[in-house]
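So this block is structure.cif, mmCIF, C-alpha atoms:
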data_final
loop_
_atom_site.label_atom_id
_atom_site.label_comp_id
_atom_site.auth_asym_id
_atom_site.auth_seq_id
_atom_site.Cartn_x
_atom_site.Cartn_y
_atom_site.Cartn_z
CA MET J 1 140.73 53.68 213.07
CA THR J 2 137.54 52.62 214.81
CA GLU J 3 137.49 50.39 217.88
CA ASN J 4 136.35 47.43 215.72
CA GLU J 5 139.31 47.64 213.34
CA ILE J 6 142.52 45.76 214.08
CA ASN J 7 145.85 47.40 213.53
CA PRO J 8 148.17 44.96 211.69
CA LYS J 9 150.87 45.75 214.26
CA THR J 10 148.68 44.73 217.20
CA PRO J 11 150.44 42.06 219.29
CA TYR J 12 148.65 38.73 219.15
CA GLN J 13 147.99 38.88 222.90
CA ASP J 14 145.78 41.93 222.35
CA LEU J 15 143.63 40.44 219.58
CA THR J 16 140.07 39.38 220.26
CA ILE J 17 139.47 35.77 221.27
CA GLY J 18 138.37 33.61 218.36
CA GLY J 19 139.83 35.87 215.69
CA ASN J 20 136.62 37.78 215.12
CA ILE J 21 136.30 39.44 211.73
CA TYR J 22 134.89 42.94 212.03
CA THR J 23 135.22 43.96 208.40
CA ALA J 24 133.05 41.87 206.07
CA GLY J 25 134.24 41.04 202.57
CA ASN J 26 137.96 41.43 203.20
CA ALA J 27 139.09 37.87 202.30
CA LYS J 28 140.65 39.02 199.01
CA GLU J 29 143.10 41.15 201.00
CA PHE J 30 144.79 38.04 202.41
CA LYS J 31 147.07 35.79 200.38
CA THR J 32 146.51 32.41 201.97
CA GLY J 33 148.46 30.56 199.28
CA ASP J 34 151.58 30.95 201.40
CA TRP J 35 150.19 28.17 203.62
CA ARG J 36 150.51 25.65 200.78
CA SER J 37 152.83 22.64 201.19
CA THR J 38 151.90 21.08 197.83
CA THR J 39 151.13 22.95 194.64
CA PRO J 40 148.63 21.99 191.95
CA VAL J 41 150.02 22.10 188.44
CA TYR J 42 147.50 22.63 185.64
CA ILE J 43 148.21 20.67 182.44
CA SER J 44 146.08 22.49 179.87
CA GLU J 45 146.74 19.90 177.14
CA LYS J 46 144.97 17.22 179.21
CA CYS J 47 142.09 19.45 180.35
CA LYS J 48 138.73 18.80 178.65
CA GLN J 49 137.03 21.80 180.33
CA CYS J 50 134.60 19.52 182.18
CA GLY J 51 134.51 21.97 185.11
CA LEU J 52 134.51 19.31 187.83
CA CYS J 53 137.45 20.95 189.63
CA TRP J 54 135.91 24.40 189.94
CA PRO J 55 132.97 23.75 192.32
CA VAL J 56 135.00 21.57 194.70
CA CYS J 57 137.75 24.13 195.29
CA PRO J 58 137.24 25.44 198.84
CA ASP J 59 139.45 28.46 198.20
CA ASP J 60 137.96 29.80 194.94
CA ALA J 61 141.43 29.38 193.44
CA ILE J 62 140.32 28.10 190.03
CA PRO J 63 139.32 31.05 187.86
CA VAL J 64 136.85 30.56 185.02
CA LYS J 65 136.51 33.11 182.22
CA ASP J 66 134.08 32.87 179.31
CA GLY J 67 133.22 29.33 180.41
CA LYS J 68 136.85 28.16 180.27
CA ARG J 69 138.91 27.04 183.22
CA LEU J 70 142.19 28.99 183.60
CA ASP J 71 145.39 28.36 185.55
CA PHE J 72 145.29 28.56 189.35
CA ASN J 73 145.12 31.66 191.49
CA TYR J 74 148.11 30.67 193.61
CA ASP J 75 147.54 33.58 195.99
CA ALA J 76 144.37 31.83 197.18
CA CYS J 77 145.22 28.12 196.70
CA LYS J 78 146.14 26.31 199.91
CA GLY J 79 147.15 23.09 198.10
CA CYS J 80 144.47 20.77 199.48
CA GLY J 81 144.51 18.62 196.32
CA VAL J 82 140.75 18.13 196.06
CA CYS J 83 140.80 19.42 192.48
CA ALA J 84 143.42 16.85 191.46
CA LYS J 85 141.41 14.04 193.05
CA VAL J 86 138.22 14.86 191.14
CA CYS J 87 139.85 15.47 187.74
CA PRO J 88 139.04 12.44 185.56
CA PHE J 89 141.59 13.48 182.93
CA LYS J 90 144.59 13.89 185.28
CA ALA J 91 144.95 17.49 184.13
CA ILE J 92 145.99 18.54 187.63
CA GLU J 93 149.02 17.13 189.39
CA MET J 94 150.08 17.93 192.93
CA LYS J 95 153.79 18.74 193.25
#
Here is a file; write its structure as C-alpha cells.
Amino acid sequence: MTENEINPKTPYQDLTIGGNIYTAGNAKEFKTGDWRSTTPVYISEKCKQCGLCWPVCPDDAIPVKDGKRLDFNYDACKGCGVCAKVCPFKAIEMK
C-alpha cells in the first residue's frame, strides 16, 4: 500500500481532511444506494422510452441499453426523485 492509499480499516480520525480521493475512477467500487430513504419504482408499461429521466439522474443509476431505458441500478441510486419529477408519463413512482 502506498502512502496515498487509504486502508479501509483506518480510523476516521486518521483520514485526510476533506475526504481527498487519491485513486481516480473508483466510484463504481462504492454502493451509495444504501443512503436511499425513498426508492424509485420503474413501471415499464407506462414508459414511452422518451429518455427524459436518464440525463437528469445525478447518480448514473438509469441504465440504457440499445437505446432502451432499463430498470434502476439500485446500487447507485440515492433516491433523490428527480427522475420521477421529470417523467411526463408517471412511469416512475417514489416509494
- Find the residues near Thr39 in chain J: any atom within 12 Å, counting all atoms listed in the file, skip ones fewer than 2 places away on the same chain, and give them as JSON, numbers by chain. {"J": [33, 34, 35, 36, 37, 41, 42, 61, 72, 73, 74, 75, 76, 77, 78, 79, 80, 81, 82, 83, 84, 92, 93, 94, 95]}
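Going from CA of Pro58 in chain J over to CA of Thr10 in chain J, you cover 29.0 Å.
Counting from CA of Lys90 in chain J, the distance to CA of Thr32 in chain J is 25.0 Å.
Here CA of Leu52 in chain J is placed at a distance of 16.0 Å from CA of Asp66 in chain J.
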Padded axis-aligned box of range 29-47 of chain J (4 Å per side), centre and edge lengths, Å, one decimal, as JSON:
{"center_x": 147.5, "center_y": 29.2, "center_z": 190.4, "size_x": 18.7, "size_y": 31.9, "size_z": 34.5}
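Distance check against Cys53 in chain J using all atoms listed in the file: of J:Arg69, J:Lys31, J:Pro11, J:Thr38, the minimum falls on J:Arg69.
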- Message: If we count all atoms listed in the file and set the cut-off at 12 Å, which residues sit around Gly51 in chain J, ignoring sequence neighbours fewer than 2 positions away in its own chain? Please answer as a PyMOL selection string.
- Response: chain J and resi 47-49+53-57+62-65+67-70+83+86-89+91
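Each of J:Pro40, J:Asp71, J:Cys50, J:Glu45 was checked against Lys85 in chain J using all atoms listed in the file; the smallest atom-to-atom distance is that of J:Pro40.
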Rebuild range 30-64 of chain J so that it carries N, CA and C atoms, then output the result as a compact mmCIF listing (two decimals), keeping the file's coordinate frame.
# COMPACT_ATOMS: atom_id res chain seq x y z
N PHE J 30 143.84 38.97 201.81
CA PHE J 30 144.79 38.04 202.41
C PHE J 30 145.23 37.00 201.40
N LYS J 31 146.52 36.78 201.29
CA LYS J 31 147.07 35.79 200.38
C LYS J 31 147.36 34.53 201.17
N THR J 32 146.39 33.62 201.18
CA THR J 32 146.51 32.41 201.97
C THR J 32 147.30 31.32 201.26
N GLY J 33 147.68 31.54 200.02
CA GLY J 33 148.46 30.56 199.28
C GLY J 33 149.82 30.29 199.89
N ASP J 34 150.30 31.17 200.74
CA ASP J 34 151.58 30.95 201.40
C ASP J 34 151.53 29.77 202.37
N TRP J 35 150.34 29.30 202.70
CA TRP J 35 150.19 28.17 203.62
C TRP J 35 150.45 26.84 202.91
N ARG J 36 150.48 26.86 201.60
CA ARG J 36 150.51 25.65 200.78
C ARG J 36 151.80 24.85 200.97
N SER J 37 151.66 23.52 201.14
CA SER J 37 152.83 22.64 201.19
C SER J 37 152.96 21.84 199.90
N THR J 38 151.86 21.67 199.17
CA THR J 38 151.90 21.08 197.83
C THR J 38 151.22 22.05 196.88
N THR J 39 151.62 22.00 195.63
CA THR J 39 151.13 22.95 194.64
C THR J 39 150.47 22.22 193.48
N PRO J 40 149.25 22.60 193.12
CA PRO J 40 148.63 21.99 191.95
C PRO J 40 149.23 22.56 190.67
N VAL J 41 149.50 21.69 189.74
CA VAL J 41 150.02 22.10 188.44
C VAL J 41 148.95 21.77 187.40
N TYR J 42 148.54 22.77 186.65
CA TYR J 42 147.50 22.63 185.64
C TYR J 42 148.13 22.26 184.32
N ILE J 43 147.70 21.14 183.73
CA ILE J 43 148.21 20.67 182.44
C ILE J 43 147.11 20.91 181.41
N SER J 44 147.17 22.05 180.76
CA SER J 44 146.08 22.49 179.87
C SER J 44 145.85 21.52 178.71
N GLU J 45 146.89 20.83 178.26
CA GLU J 45 146.74 19.90 177.14
C GLU J 45 145.84 18.72 177.50
N LYS J 46 145.81 18.34 178.77
CA LYS J 46 144.97 17.22 179.21
C LYS J 46 143.56 17.66 179.60
N CYS J 47 143.37 18.94 179.86
CA CYS J 47 142.09 19.45 180.35
C CYS J 47 141.03 19.42 179.25
N LYS J 48 139.86 18.86 179.59
CA LYS J 48 138.73 18.80 178.65
C LYS J 48 137.65 19.82 179.00
N GLN J 49 137.96 20.75 179.92
CA GLN J 49 137.03 21.80 180.33
C GLN J 49 135.72 21.23 180.87
N CYS J 50 135.81 20.12 181.61
CA CYS J 50 134.60 19.52 182.18
C CYS J 50 134.06 20.34 183.36
N GLY J 51 134.94 21.10 184.01
CA GLY J 51 134.51 21.97 185.11
C GLY J 51 134.32 21.28 186.44
N LEU J 52 134.70 20.02 186.57
CA LEU J 52 134.51 19.31 187.83
C LEU J 52 135.39 19.86 188.95
N CYS J 53 136.53 20.43 188.62
CA CYS J 53 137.45 20.95 189.63
C CYS J 53 136.94 22.24 190.26
N TRP J 54 136.30 23.06 189.47
CA TRP J 54 135.91 24.40 189.94
C TRP J 54 134.98 24.39 191.15
N PRO J 55 133.87 23.64 191.16
CA PRO J 55 132.97 23.75 192.32
C PRO J 55 133.49 23.10 193.60
N VAL J 56 134.50 22.22 193.49
CA VAL J 56 135.00 21.57 194.70
C VAL J 56 136.13 22.34 195.37
N CYS J 57 136.65 23.35 194.72
CA CYS J 57 137.75 24.13 195.29
C CYS J 57 137.24 24.97 196.46
N PRO J 58 137.73 24.69 197.68
CA PRO J 58 137.24 25.44 198.84
C PRO J 58 137.79 26.86 198.93
N ASP J 59 138.79 27.16 198.10
CA ASP J 59 139.45 28.46 198.20
C ASP J 59 139.15 29.40 197.04
N ASP J 60 138.27 28.99 196.13
CA ASP J 60 137.96 29.80 194.94
C ASP J 60 139.24 30.15 194.19
N ALA J 61 140.12 29.16 194.06
CA ALA J 61 141.43 29.38 193.44
C ALA J 61 141.49 28.95 191.99
N ILE J 62 140.35 28.53 191.43
CA ILE J 62 140.32 28.10 190.03
C ILE J 62 139.45 29.10 189.26
N PRO J 63 140.10 30.04 188.59
CA PRO J 63 139.32 31.05 187.86
C PRO J 63 138.72 30.47 186.58
N VAL J 64 137.55 30.94 186.25
CA VAL J 64 136.85 30.56 185.02
C VAL J 64 136.49 31.85 184.30
